[in-house]
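*Asks:* Got a file for you: protein_12.cif, mmCIF, C-alpha atoms and all ligand atoms.
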data_query
#
loop_
_atom_site.group_PDB
_atom_site.id
_atom_site.type_symbol
_atom_site.label_atom_id
_atom_site.label_comp_id
_atom_site.auth_asym_id
_atom_site.auth_seq_id
_atom_site.Cartn_x
_atom_site.Cartn_y
_atom_site.Cartn_z
ATOM 1 C CA MET A 1 38.986 107.517 -156.095
ATOM 2 C CA PHE A 2 38.793 104.158 -157.983
ATOM 3 C CA GLU A 3 34.953 103.900 -157.604
ATOM 4 C CA GLU A 4 34.353 103.589 -161.345
ATOM 5 C CA ILE A 5 37.004 100.890 -161.762
ATOM 6 C CA SER A 6 36.640 98.949 -158.498
ATOM 7 C CA GLU A 7 34.732 96.077 -160.162
ATOM 8 C CA GLU A 8 37.447 95.759 -162.836
ATOM 9 C CA ILE A 9 40.112 95.648 -160.146
ATOM 10 C CA LYS A 10 38.259 93.318 -157.753
ATOM 11 C CA ASN A 11 37.635 90.774 -160.526
ATOM 12 C CA ALA A 12 41.325 90.535 -161.387
ATOM 13 C CA ASN A 13 43.209 87.291 -160.720
ATOM 14 C CA LYS A 14 46.701 88.777 -160.887
ATOM 15 C CA ILE A 15 48.017 92.313 -160.450
ATOM 16 C CA VAL A 16 51.521 93.289 -161.592
ATOM 17 C CA PHE A 17 53.093 96.478 -160.243
ATOM 18 C CA VAL A 18 55.801 98.256 -162.249
ATOM 19 C CA THR A 19 57.464 100.689 -159.864
ATOM 20 C CA GLY A 20 60.181 103.313 -160.106
ATOM 21 C CA ALA A 21 62.035 105.879 -158.018
ATOM 22 C CA GLY A 22 58.851 107.895 -157.330
ATOM 23 C CA ILE A 23 57.424 105.197 -155.053
ATOM 24 C CA SER A 24 60.449 105.569 -152.740
ATOM 25 C CA GLN A 25 60.400 109.360 -152.857
ATOM 26 C CA GLU A 26 58.233 109.518 -149.725
ATOM 27 C CA SER A 27 60.770 107.343 -147.941
ATOM 28 C CA GLY A 28 63.265 110.180 -148.439
ATOM 29 C CA ILE A 29 65.097 108.641 -151.399
ATOM 30 C CA PRO A 30 65.746 111.136 -154.248
ATOM 31 C CA THR A 31 64.264 110.235 -157.648
ATOM 32 C CA PHE A 32 66.516 109.949 -160.664
ATOM 33 C CA ARG A 33 65.201 112.770 -162.759
ATOM 34 C CA GLY A 34 63.406 114.966 -160.293
ATOM 35 C CA LYS A 35 64.799 118.230 -158.968
ATOM 36 C CA ASP A 36 66.477 116.180 -156.173
ATOM 37 C CA GLY A 37 68.155 113.929 -158.744
ATOM 38 C CA LEU A 38 71.536 115.637 -158.648
ATOM 39 C CA TRP A 39 74.396 114.603 -156.358
ATOM 40 C CA ARG A 40 77.070 117.239 -155.739
ATOM 41 C CA LYS A 41 77.163 118.666 -159.288
ATOM 42 C CA TYR A 42 76.746 115.314 -161.056
ATOM 43 C CA ASP A 43 73.710 114.002 -162.941
ATOM 44 C CA ALA A 44 72.828 110.457 -161.834
ATOM 45 C CA MET A 45 72.755 109.459 -165.478
ATOM 46 C CA GLN A 46 76.452 110.330 -165.815
ATOM 47 C CA LEU A 47 77.477 108.325 -162.738
ATOM 48 C CA ALA A 48 75.361 105.171 -163.216
ATOM 49 C CA THR A 49 77.532 103.916 -166.081
ATOM 50 C CA ILE A 50 80.370 101.408 -166.430
ATOM 51 C CA ASP A 51 82.526 104.117 -168.072
ATOM 52 C CA ALA A 52 82.127 106.453 -165.085
ATOM 53 C CA PHE A 53 83.041 103.569 -162.767
ATOM 54 C CA HIS A 54 86.199 102.718 -164.735
ATOM 55 C CA ALA A 55 87.135 106.395 -165.110
ATOM 56 C CA ASN A 56 86.608 107.305 -161.459
ATOM 57 C CA PRO A 57 85.742 104.307 -159.252
ATOM 58 C CA LYS A 58 86.315 106.355 -156.091
ATOM 59 C CA LEU A 59 83.739 109.029 -157.083
ATOM 60 C CA VAL A 60 81.153 106.457 -158.186
ATOM 61 C CA TRP A 61 81.669 104.489 -154.982
ATOM 62 C CA GLU A 62 81.295 107.674 -152.869
ATOM 63 C CA TRP A 63 77.926 108.223 -154.598
ATOM 64 C CA TYR A 64 76.789 104.662 -153.997
ATOM 65 C CA ASN A 65 78.057 104.634 -150.432
ATOM 66 C CA GLU A 66 76.114 107.810 -149.634
ATOM 67 C CA ARG A 67 72.970 106.329 -151.278
ATOM 68 C CA ARG A 68 73.479 103.056 -149.364
ATOM 69 C CA MET A 69 73.608 104.860 -146.017
ATOM 70 C CA ASN A 70 70.472 106.874 -146.935
ATOM 71 C CA ILE A 71 68.630 103.748 -148.087
ATOM 72 C CA PHE A 72 69.579 101.677 -145.024
ATOM 73 C CA ALA A 73 68.248 104.499 -142.806
ATOM 74 C CA ALA A 74 65.043 104.803 -144.876
ATOM 75 C CA LYS A 75 61.801 102.938 -144.148
ATOM 76 C CA PRO A 76 59.207 101.550 -146.543
ATOM 77 C CA ASN A 77 56.290 104.020 -146.869
ATOM 78 C CA ASN A 78 52.497 103.507 -147.051
ATOM 79 C CA GLY A 79 52.796 102.787 -150.756
ATOM 80 C CA HIS A 80 55.250 99.898 -150.348
ATOM 81 C CA GLU A 81 53.205 98.580 -147.405
ATOM 82 C CA ALA A 82 49.891 98.690 -149.285
ATOM 83 C CA ILE A 83 51.395 96.634 -152.140
ATOM 84 C CA ALA A 84 52.712 94.095 -149.625
ATOM 85 C CA GLU A 85 49.330 93.869 -147.801
ATOM 86 C CA LEU A 86 47.509 93.366 -151.124
ATOM 87 C CA GLU A 87 49.066 89.859 -151.224
ATOM 88 C CA ASN A 88 46.450 88.849 -148.621
ATOM 89 C CA TYR A 89 43.734 89.374 -151.246
ATOM 90 C CA ILE A 90 45.167 88.600 -154.692
ATOM 91 C CA ASP A 91 48.198 87.292 -156.623
ATOM 92 C CA VAL A 92 50.678 90.214 -156.718
ATOM 93 C CA VAL A 93 54.010 90.497 -158.560
ATOM 94 C CA VAL A 94 56.271 93.543 -158.251
ATOM 95 C CA LEU A 95 58.591 94.456 -161.141
ATOM 96 C CA THR A 96 60.706 97.249 -159.719
ATOM 97 C CA GLN A 97 63.345 99.493 -161.294
ATOM 98 C CA ASN A 98 64.427 100.454 -157.792
ATOM 99 C CA ILE A 99 67.558 99.079 -156.178
ATOM 100 C CA ASP A 100 66.630 100.068 -152.605
ATOM 101 C CA GLY A 101 65.017 96.816 -151.425
ATOM 102 C CA LEU A 102 62.087 98.685 -149.800
ATOM 103 C CA HIS A 103 59.423 96.483 -151.394
ATOM 104 C CA GLN A 104 61.009 93.404 -149.788
ATOM 105 C CA ARG A 105 61.431 95.196 -146.454
ATOM 106 C CA ALA A 106 57.694 96.105 -146.592
ATOM 107 C CA GLY A 107 56.909 92.372 -146.926
ATOM 108 C CA SER A 108 56.305 91.874 -150.668
ATOM 109 C CA SER A 109 57.241 88.274 -151.474
ATOM 110 C CA LYS A 110 57.426 88.292 -155.287
ATOM 111 C CA VAL A 111 59.760 91.137 -156.242
ATOM 112 C CA PHE A 112 61.858 91.220 -159.403
ATOM 113 C CA GLU A 113 64.693 93.786 -159.282
ATOM 114 C CA LEU A 114 65.060 94.763 -162.928
ATOM 115 C CA HIS A 115 68.049 97.035 -162.243
ATOM 116 C CA GLY A 116 69.712 95.000 -159.491
ATOM 117 C CA SER A 117 70.244 95.845 -155.853
ATOM 118 C CA ILE A 118 72.359 98.439 -154.019
ATOM 119 C CA VAL A 119 72.481 96.008 -151.065
ATOM 120 C CA ARG A 120 74.178 93.291 -153.121
ATOM 121 C CA ILE A 121 77.886 93.780 -153.818
ATOM 122 C CA LYS A 122 79.827 91.753 -156.403
ATOM 123 C CA CYS A 123 83.411 91.457 -157.567
ATOM 124 C CA THR A 124 84.394 93.003 -160.907
ATOM 125 C CA VAL A 125 86.406 89.850 -161.687
ATOM 126 C CA CYS A 126 85.643 86.717 -159.644
ATOM 127 C CA ASP A 127 82.173 85.344 -158.850
ATOM 128 C CA TYR A 128 82.070 86.699 -155.280
ATOM 129 C CA GLN A 129 78.787 88.386 -154.384
ATOM 130 C CA ASN A 130 77.055 89.093 -151.110
ATOM 131 C CA ASP A 131 74.484 91.309 -149.407
ATOM 132 C CA VAL A 132 76.463 93.915 -147.456
ATOM 133 C CA ILE A 133 74.669 96.433 -145.199
ATOM 134 C CA THR A 134 77.709 97.882 -143.488
ATOM 135 C CA ASN A 135 79.644 100.967 -144.491
ATOM 136 C CA PHE A 136 82.832 100.423 -146.491
ATOM 137 C CA GLU A 137 85.891 101.891 -144.757
ATOM 138 C CA GLN A 138 88.091 101.659 -147.856
ATOM 139 C CA ILE A 139 86.673 103.241 -151.058
ATOM 140 C CA PRO A 140 86.679 101.609 -153.620
ATOM 141 C CA PRO A 141 86.372 98.353 -151.608
ATOM 142 C CA LYS A 142 88.457 95.380 -152.676
ATOM 143 C CA CYS A 143 87.481 91.722 -153.020
ATOM 144 C CA ILE A 144 89.436 88.956 -151.247
ATOM 145 C CA CYS A 145 90.827 88.179 -154.722
ATOM 146 C CA GLY A 146 92.363 91.687 -154.744
ATOM 147 C CA ASN A 147 90.088 93.155 -157.453
ATOM 148 C CA MET A 148 87.570 95.994 -157.035
ATOM 149 C CA LEU A 149 84.071 95.340 -155.767
ATOM 150 C CA ARG A 150 81.022 97.065 -157.320
ATOM 151 C CA PRO A 151 77.339 97.424 -156.468
ATOM 152 C CA ASP A 152 75.338 94.628 -158.147
ATOM 153 C CA VAL A 153 73.215 97.134 -160.061
ATOM 154 C CA VAL A 154 72.551 97.426 -163.809
ATOM 155 C CA TRP A 155 74.354 100.480 -165.188
ATOM 156 C CA PHE A 156 73.267 102.295 -168.345
ATOM 157 C CA GLY A 157 74.586 100.348 -171.307
ATOM 158 C CA GLU A 158 74.563 97.064 -169.336
ATOM 159 C CA PRO A 159 72.008 94.332 -170.023
ATOM 160 C CA LEU A 160 69.365 93.496 -167.416
ATOM 161 C CA PRO A 161 69.835 90.123 -165.660
ATOM 162 C CA GLN A 162 68.542 87.708 -168.316
ATOM 163 C CA ASN A 163 66.426 85.538 -166.043
ATOM 164 C CA VAL A 164 64.872 88.525 -164.249
ATOM 165 C CA TRP A 165 63.965 90.209 -167.548
ATOM 166 C CA ARG A 166 62.493 86.989 -169.004
ATOM 167 C CA GLN A 167 60.313 86.498 -165.911
ATOM 168 C CA ALA A 168 59.286 90.174 -165.954
ATOM 169 C CA MET A 169 58.049 89.905 -169.552
ATOM 170 C CA ILE A 170 56.101 86.731 -168.706
ATOM 171 C CA HIS A 171 54.410 88.318 -165.659
ATOM 172 C CA ALA A 172 53.648 91.499 -167.623
ATOM 173 C CA SER A 173 52.012 89.419 -170.368
ATOM 174 C CA GLN A 174 49.935 87.346 -167.925
ATOM 175 C CA CYS A 175 48.313 89.947 -165.670
ATOM 176 C CA ASP A 176 44.741 91.299 -165.676
ATOM 177 C CA VAL A 177 45.755 94.613 -164.130
ATOM 178 C CA MET A 178 49.097 96.423 -164.283
ATOM 179 C CA VAL A 179 49.694 99.329 -161.896
ATOM 180 C CA ILE A 180 52.536 101.631 -163.024
ATOM 181 C CA ALA A 181 53.564 103.679 -159.999
ATOM 182 C CA GLY A 182 56.331 106.248 -159.522
ATOM 183 C CA THR A 183 58.108 105.908 -162.820
ATOM 184 C CA SER A 184 58.688 108.326 -165.670
ATOM 185 C CA LEU A 185 58.872 105.325 -168.070
ATOM 186 C CA VAL A 186 61.970 106.926 -169.606
ATOM 187 C CA VAL A 187 64.318 103.957 -169.151
ATOM 188 C CA SER A 188 64.222 100.961 -171.464
ATOM 189 C CA PRO A 189 63.596 98.076 -171.610
ATOM 190 C CA ALA A 190 61.603 98.439 -168.328
ATOM 191 C CA ASN A 191 59.365 100.982 -170.081
ATOM 192 C CA THR A 192 58.154 98.296 -172.522
ATOM 193 C CA LEU A 193 56.459 96.266 -169.755
ATOM 194 C CA PRO A 194 53.164 98.228 -169.963
ATOM 195 C CA ILE A 195 53.148 97.519 -173.706
ATOM 196 C CA TYR A 196 53.385 93.750 -173.068
ATOM 197 C CA ALA A 197 50.511 94.053 -170.592
ATOM 198 C CA LYS A 198 48.363 96.128 -172.961
ATOM 199 C CA GLN A 199 48.993 93.665 -175.810
ATOM 200 C CA ASN A 200 47.471 91.019 -173.546
ATOM 201 C CA ASN A 201 44.416 93.149 -172.720
ATOM 202 C CA ALA A 202 45.478 94.084 -169.214
ATOM 203 C CA PHE A 203 43.839 97.089 -167.550
ATOM 204 C CA LEU A 204 46.545 99.766 -167.059
ATOM 205 C CA VAL A 205 46.490 102.061 -164.012
ATOM 206 C CA GLU A 206 49.072 104.856 -163.662
ATOM 207 C CA ILE A 207 49.861 106.503 -160.310
ATOM 208 C CA ASN A 208 52.042 109.578 -160.709
ATOM 209 C CA PRO A 209 51.721 113.252 -159.702
ATOM 210 C CA GLU A 210 52.856 114.075 -163.255
ATOM 211 C CA ARG A 211 51.861 112.859 -166.711
ATOM 212 C CA THR A 212 54.278 110.416 -168.390
ATOM 213 C CA ILE A 213 54.968 109.520 -172.010
ATOM 214 C CA MET A 214 52.460 106.646 -171.657
ATOM 215 C CA THR A 215 49.672 108.482 -169.815
ATOM 216 C CA SER A 216 47.493 108.480 -172.956
ATOM 217 C CA ASP A 217 47.804 104.670 -173.156
ATOM 218 C CA MET A 218 46.567 104.177 -169.598
ATOM 219 C CA ASP A 219 42.994 103.038 -168.827
ATOM 220 C CA TYR A 220 43.016 105.022 -165.586
ATOM 221 C CA SER A 221 45.468 107.640 -164.324
ATOM 222 C CA VAL A 222 45.704 109.115 -160.820
ATOM 223 C CA ARG A 223 47.587 112.421 -160.510
ATOM 224 C CA ASP A 224 48.743 111.920 -156.946
ATOM 225 C CA SER A 225 51.523 110.356 -154.887
ATOM 226 C CA SER A 226 51.783 106.583 -154.502
ATOM 227 C CA ALA A 227 51.986 106.762 -150.687
ATOM 228 C CA ARG A 228 48.555 108.444 -150.691
ATOM 229 C CA VAL A 229 46.909 106.471 -153.505
ATOM 230 C CA LEU A 230 48.049 102.874 -152.960
ATOM 231 C CA PRO A 231 46.297 102.501 -149.555
ATOM 232 C CA GLU A 232 43.092 103.627 -151.370
ATOM 233 C CA PHE A 233 43.791 101.002 -154.045
ATOM 234 C CA LEU A 234 44.127 98.372 -151.303
ATOM 235 C CA SER A 235 40.802 99.437 -149.708
ATOM 236 C CA ILE A 236 38.996 98.340 -152.913
ATOM 237 C CA PHE A 237 39.640 94.753 -151.717
ATOM 238 C CA LYS A 238 38.710 95.474 -148.110
ATOM 239 C CA SER A 239 35.224 96.878 -148.829
HETATM 240 C C1 LIG B 301 70.056 98.203 -171.809
HETATM 241 C C2 LIG B 301 70.387 101.252 -161.518
HETATM 242 C C3 LIG B 301 70.910 96.911 -173.582
HETATM 243 C C4 LIG B 301 71.554 102.110 -161.204
HETATM 244 C C5 LIG B 301 69.222 102.205 -163.441
HETATM 245 C C6 LIG B 301 70.771 106.146 -175.808
HETATM 246 C C7 LIG B 301 72.083 106.052 -175.411
HETATM 247 C C8 LIG B 301 72.500 105.064 -174.517
HETATM 248 C C9 LIG B 301 71.594 104.141 -174.007
HETATM 249 C C10 LIG B 301 70.289 104.256 -174.404
HETATM 250 C C11 LIG B 301 69.873 105.245 -175.297
HETATM 251 N N1 LIG B 301 68.547 105.086 -175.478
HETATM 252 C C12 LIG B 301 68.099 104.068 -174.731
HETATM 253 C C13 LIG B 301 69.153 103.531 -174.100
HETATM 254 C C14 LIG B 301 69.081 102.378 -173.188
HETATM 255 C C15 LIG B 301 69.122 102.829 -171.731
HETATM 256 C C16 LIG B 301 68.044 103.864 -171.476
HETATM 257 O O1 LIG B 301 66.876 103.527 -171.363
HETATM 258 N N2 LIG B 301 68.439 105.145 -171.382
HETATM 259 C C17 LIG B 301 67.432 106.178 -171.175
HETATM 260 C C18 LIG B 301 67.873 107.122 -170.078
HETATM 261 C C19 LIG B 301 67.229 106.896 -172.498
HETATM 262 N N3 LIG B 301 68.851 101.637 -170.950
HETATM 263 C C20 LIG B 301 69.882 100.856 -170.582
HETATM 264 O O2 LIG B 301 71.040 101.130 -170.765
HETATM 265 C C21 LIG B 301 69.488 99.551 -169.919
HETATM 266 N N4 LIG B 301 70.224 98.484 -170.527
HETATM 267 O O3 LIG B 301 69.290 98.767 -172.544
HETATM 268 O O4 LIG B 301 70.910 97.216 -172.203
HETATM 269 C C22 LIG B 301 71.929 95.860 -173.751
HETATM 270 C C23 LIG B 301 71.513 94.598 -174.172
HETATM 271 C C24 LIG B 301 72.469 93.628 -174.384
HETATM 272 C C25 LIG B 301 73.838 93.900 -174.127
HETATM 273 C C26 LIG B 301 74.229 95.157 -173.667
HETATM 274 C C27 LIG B 301 73.281 96.153 -173.477
HETATM 275 C C28 LIG B 301 69.853 99.572 -168.453
HETATM 276 C C29 LIG B 301 68.969 100.577 -167.750
HETATM 277 C C30 LIG B 301 69.166 100.465 -166.226
HETATM 278 C C31 LIG B 301 69.949 101.646 -165.719
HETATM 279 N N5 LIG B 301 70.038 101.586 -164.255
HETATM 280 N N6 LIG B 301 69.328 102.067 -162.107
HETATM 281 C C32 LIG B 301 71.261 103.028 -160.052
HETATM 282 O O5 LIG B 301 70.077 103.184 -159.644
HETATM 283 O O6 LIG B 301 72.248 103.607 -159.545
HETATM 284 S S1 LIG B 301 67.972 103.124 -164.093
HETATM 285 C C33 LIG B 301 67.431 104.327 -163.016
HETATM 286 O O7 LIG B 301 66.375 104.978 -163.743
HETATM 287 C C34 LIG B 301 66.781 103.836 -161.742
HETATM 288 O O8 LIG B 301 66.688 102.444 -161.657
HETATM 289 C C35 LIG B 301 65.367 104.420 -161.860
HETATM 290 O O9 LIG B 301 64.430 103.672 -161.191
HETATM 291 C C36 LIG B 301 65.216 104.280 -163.323
HETATM 292 C C37 LIG B 301 64.030 104.781 -164.031
HETATM 293 O O10 LIG B 301 63.727 106.023 -163.611
HETATM 294 P P1 LIG B 301 62.373 106.170 -162.748
HETATM 295 O O11 LIG B 301 62.318 105.078 -161.755
HETATM 296 O O12 LIG B 301 61.234 106.313 -163.681
HETATM 297 O O13 LIG B 301 62.675 107.459 -161.966
HETATM 298 P P2 LIG B 301 62.550 108.943 -162.512
HETATM 299 O O14 LIG B 301 63.296 109.813 -161.572
HETATM 300 O O15 LIG B 301 62.856 108.983 -163.974
HETATM 301 O O16 LIG B 301 60.980 109.255 -162.405
HETATM 302 C C38 LIG B 301 60.370 109.296 -161.138
HETATM 303 C C39 LIG B 301 58.885 109.366 -161.429
HETATM 304 O O17 LIG B 301 58.203 109.322 -160.183
HETATM 305 C C40 LIG B 301 58.461 110.654 -162.121
HETATM 306 O O18 LIG B 301 57.557 110.352 -163.156
HETATM 307 C C41 LIG B 301 57.761 111.450 -160.997
HETATM 308 O O19 LIG B 301 56.708 112.239 -161.506
HETATM 309 C C42 LIG B 301 57.242 110.344 -160.147
HETATM 310 N N7 LIG B 301 57.076 110.672 -158.735
HETATM 311 C C43 LIG B 301 57.766 111.570 -157.995
HETATM 312 N N8 LIG B 301 57.306 111.555 -156.723
HETATM 313 C C44 LIG B 301 56.329 110.593 -156.677
HETATM 314 C C45 LIG B 301 56.181 110.039 -157.952
HETATM 315 N N9 LIG B 301 55.297 109.069 -158.233
HETATM 316 C C46 LIG B 301 54.508 108.636 -157.222
HETATM 317 N N10 LIG B 301 54.586 109.127 -155.961
HETATM 318 C C47 LIG B 301 55.479 110.096 -155.653
HETATM 319 N N11 LIG B 301 55.552 110.589 -154.401
HETATM 320 ZN ZN ZN B 302 87.000 88.827 -156.494
#
Before we go any further, please render this structure as structure tokens.
*Replies:*
Amino acid sequence: MFEEISEEIKNANKIVFVTGAGISQESGIPTFRGKDGLWRKYDAMQLATIDAFHANPKLVWEWYNERRMNIFAAKPNNGHEAIAELENYIDVVVLTQNIDGLHQRAGSSKVFELHGSIVRIKCTVCDYQNDVITNFEQIPPKCICGNMLRPDVVWFGEPLPQNVWRQAMIHASQCDVMVIAGTSLVVSPANTLPIYAKQNNAFLVEINPERTIMTSDMDYSVRDSSARVLPEFLSIFKS
């Protein structure tokens, strides 16, 4: 694996990873659109919206609370750890759609959370926000100001955090290699990042057991899981 592109990769100055739910799948976290993407009888796409939250805050909070407990019990896998170790050899930036914090827990130091964080909780009204890794007794939890708290994630129909998105576009436009791992590239605007990279002549590598809508635009595609492939990608720098 990677023999024919190892020179291209080793000569890079900066590698940007765009990751999605698939990279955390081997840590036991269900992907969004895979067969394990349903919760009770609900489609994640229906619940991860501001309308669902306003219509049924208790249900949406039960979903997030269950995901929080699963994520706090999960561990980074070989894929997350290989990306973190790569920082010993080259400039690495991670642009993740995931909200699980596993890249940071694996040791990656430059992680941009495009869709926010399930660890961070914020008030729906005042400017309270904080990382909370305990279980909430009362659902939906209330802020000290009396209003409802919510996970600090980006719901469908909500804009991405402006500063995070601006930085993500800059990094995507300034890398020599972009590795797109574990994402179906269905969700925008995150799915435009490979286009920014390609427009700036980056070498695109896709790691996904399945084809995606951008597979034909990739310079190199590996049909396998990220936990298996990313340690091989790292070994290019170790040889
Ligand atoms: C915005 C946080 C504008 C919450 C998430 C039509 C109607 C309405 C809206 C739209 C529309 N068309 C487009 C839109 C915009 C919308 C969108 O893209 N919708 C899609 C579904 C069509 N986007 C938005 O709304 C975004 N905001 O556009 O704002 C705006 C501007 C100004 C002012 C107001 C508004 C916000 C999008 C963010 C939504 N939040 N998450 C939460 O997680 O609870 S997105 C959610 O999907 C997750 O973050 C997830 O990461 C992300 C993307 O999915 P993937 O990561 O790709 O996961 P998926 O399951 O799809 O695929 C997994 C892949 O892994 C597969 O390819 C599989 O083969 C692979 N895989 C599996 N196992 C492995 C593996 N790969 C490697 N190894 C393995 N072992
Ligand atoms: Zn408040």
*Asks:* For each of A:Ala52, A:Leu234, A:Leu204, A:Met1, take the minimum atom-to-atom distance to ligand LIG 301 (chain B), counting all atoms listed in the file, then give the residue where this is smallest.
*Replies:*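 Once distances to ligand LIG 301 (chain B) are computed over all atoms listed in the file, the minimum belongs to A:Ala52.
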*Asks:* Write out as a PDB file with C-alpha atoms, keeping the file's coordinate frame each polymer residue (protein, DNA or RNA) that has an atom no more than 8 Å from ligand LIG 301 (chain B), with all atoms listed in the file counted.
*Replies:*
ATOM      1  CA  THR A  19      57.464 100.689-159.864  1.00  0.00           C
ATOM      2  CA  GLY A  20      60.181 103.313-160.106  1.00  0.00           C
ATOM      3  CA  ALA A  21      62.035 105.879-158.018  1.00  0.00           C
ATOM      4  CA  GLY A  22      58.851 107.895-157.330  1.00  0.00           C
ATOM      5  CA  ILE A  23      57.424 105.197-155.053  1.00  0.00           C
ATOM      6  CA  SER A  24      60.449 105.569-152.740  1.00  0.00           C
ATOM      7  CA  GLN A  25      60.400 109.360-152.857  1.00  0.00           C
ATOM      8  CA  GLU A  26      58.233 109.518-149.725  1.00  0.00           C
ATOM      9  CA  PRO A  30      65.746 111.136-154.248  1.00  0.00           C
ATOM     10  CA  THR A  31      64.264 110.235-157.648  1.00  0.00           C
ATOM     11  CA  PHE A  32      66.516 109.949-160.664  1.00  0.00           C
ATOM     12  CA  ARG A  33      65.201 112.770-162.759  1.00  0.00           C
ATOM     13  CA  GLY A  34      63.406 114.966-160.293  1.00  0.00           C
ATOM     14  CA  GLY A  37      68.155 113.929-158.744  1.00  0.00           C
ATOM     15  CA  ALA A  44      72.828 110.457-161.834  1.00  0.00           C
ATOM     16  CA  MET A  45      72.755 109.459-165.478  1.00  0.00           C
ATOM     17  CA  LEU A  47      77.477 108.325-162.738  1.00  0.00           C
ATOM     18  CA  ALA A  48      75.361 105.171-163.216  1.00  0.00           C
ATOM     19  CA  THR A  49      77.532 103.916-166.081  1.00  0.00           C
ATOM     20  CA  TYR A  64      76.789 104.662-153.997  1.00  0.00           C
ATOM     21  CA  THR A  96      60.706  97.249-159.719  1.00  0.00           C
ATOM     22  CA  GLN A  97      63.345  99.493-161.294  1.00  0.00           C
ATOM     23  CA  ASN A  98      64.427 100.454-157.792  1.00  0.00           C
ATOM     24  CA  ILE A  99      67.558  99.079-156.178  1.00  0.00           C
ATOM     25  CA  LEU A 114      65.060  94.763-162.928  1.00  0.00           C
ATOM     26  CA  HIS A 115      68.049  97.035-162.243  1.00  0.00           C
ATOM     27  CA  GLY A 116      69.712  95.000-159.491  1.00  0.00           C
ATOM     28  CA  SER A 117      70.244  95.845-155.853  1.00  0.00           C
ATOM     29  CA  ILE A 118      72.359  98.439-154.019  1.00  0.00           C
ATOM     30  CA  VAL A 153      73.215  97.134-160.061  1.00  0.00           C
ATOM     31  CA  VAL A 154      72.551  97.426-163.809  1.00  0.00           C
ATOM     32  CA  TRP A 155      74.354 100.480-165.188  1.00  0.00           C
ATOM     33  CA  PHE A 156      73.267 102.295-168.345  1.00  0.00           C
ATOM     34  CA  GLY A 157      74.586 100.348-171.307  1.00  0.00           C
ATOM     35  CA  GLU A 158      74.563  97.064-169.336  1.00  0.00           C
ATOM     36  CA  PRO A 159      72.008  94.332-170.023  1.00  0.00           C
ATOM     37  CA  LEU A 160      69.365  93.496-167.416  1.00  0.00           C
ATOM     38  CA  ALA A 181      53.564 103.679-159.999  1.00  0.00           C
ATOM     39  CA  GLY A 182      56.331 106.248-159.522  1.00  0.00           C
ATOM     40  CA  THR A 183      58.108 105.908-162.820  1.00  0.00           C
ATOM     41  CA  SER A 184      58.688 108.326-165.670  1.00  0.00           C
ATOM     42  CA  LEU A 185      58.872 105.325-168.070  1.00  0.00           C
ATOM     43  CA  VAL A 186      61.970 106.926-169.606  1.00  0.00           C
ATOM     44  CA  VAL A 187      64.318 103.957-169.151  1.00  0.00           C
ATOM     45  CA  SER A 188      64.222 100.961-171.464  1.00  0.00           C
ATOM     46  CA  PRO A 189      63.596  98.076-171.610  1.00  0.00           C
ATOM     47  CA  ALA A 190      61.603  98.439-168.328  1.00  0.00           C
ATOM     48  CA  ILE A 207      49.861 106.503-160.310  1.00  0.00           C
ATOM     49  CA  ASN A 208      52.042 109.578-160.709  1.00  0.00           C
ATOM     50  CA  PRO A 209      51.721 113.252-159.702  1.00  0.00           C
ATOM     51  CA  GLU A 210      52.856 114.075-163.255  1.00  0.00           C
ATOM     52  CA  ARG A 211      51.861 112.859-166.711  1.00  0.00           C
ATOM     53  CA  THR A 212      54.278 110.416-168.390  1.00  0.00           C
ATOM     54  CA  ASP A 224      48.743 111.920-156.946  1.00  0.00           C
ATOM     55  CA  SER A 225      51.523 110.356-154.887  1.00  0.00           C
ATOM     56  CA  SER A 226      51.783 106.583-154.502  1.00  0.00           C
ATOM     57  CA  ALA A 227      51.986 106.762-150.687  1.00  0.00           C
TER      58      ALA A 227
END
*Asks:* Give me, as JSON, numbers by chain, the set of residues whose atoms come within 12 Å of any atom of ligand ZN 302 (chain B), counting all atoms listed in the file.
*Replies:* {"A": [121, 122, 123, 124, 125, 126, 127, 128, 129, 130, 141, 142, 143, 144, 145, 146, 147, 148, 149, 150]}
*Asks:* Name the residues that the PyMOL selection byres (((chain A and resi 230) around 8) and not hetatm) pulls out of this structure, and write them as a compact mmCIF listing (two decimals) with C-alpha atoms, in the frame of the given file.
*Replies:*
# COMPACT_ATOMS: atom_id res chain seq x y z
CA ASN A 78 52.50 103.51 -147.05
CA GLY A 79 52.80 102.79 -150.76
CA ALA A 82 49.89 98.69 -149.28
CA ILE A 83 51.40 96.63 -152.14
CA SER A 226 51.78 106.58 -154.50
CA ALA A 227 51.99 106.76 -150.69
CA ARG A 228 48.56 108.44 -150.69
CA VAL A 229 46.91 106.47 -153.50
CA PRO A 231 46.30 102.50 -149.56
CA GLU A 232 43.09 103.63 -151.37
CA PHE A 233 43.79 101.00 -154.04
CA LEU A 234 44.13 98.37 -151.30
*Asks:* Selected by the PyMOL selection byres (((chain A and resi 135-138) around 10) and not hetatm) in the shown coordinates: which residues, as an mmCIF file with C-alpha atoms, keeping the file's coordinate frame?
*Replies:*
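Everything below was put into selection19.cif:
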data_model
loop_
_atom_site.group_PDB
_atom_site.id
_atom_site.type_symbol
_atom_site.label_atom_id
_atom_site.label_comp_id
_atom_site.auth_asym_id
_atom_site.auth_seq_id
_atom_site.Cartn_x
_atom_site.Cartn_y
_atom_site.Cartn_z
ATOM 1 C CA LYS A 58 86.315 106.355 -156.091
ATOM 2 C CA TRP A 61 81.669 104.489 -154.982
ATOM 3 C CA GLU A 62 81.295 107.674 -152.869
ATOM 4 C CA ASN A 65 78.057 104.634 -150.432
ATOM 5 C CA GLU A 66 76.114 107.810 -149.634
ATOM 6 C CA ARG A 68 73.479 103.056 -149.364
ATOM 7 C CA MET A 69 73.608 104.860 -146.017
ATOM 8 C CA VAL A 132 76.463 93.915 -147.456
ATOM 9 C CA ILE A 133 74.669 96.433 -145.199
ATOM 10 C CA THR A 134 77.709 97.882 -143.488
ATOM 11 C CA ILE A 139 86.673 103.241 -151.058
ATOM 12 C CA PRO A 140 86.679 101.609 -153.620
ATOM 13 C CA PRO A 141 86.372 98.353 -151.608
ATOM 14 C CA LYS A 142 88.457 95.380 -152.676
#
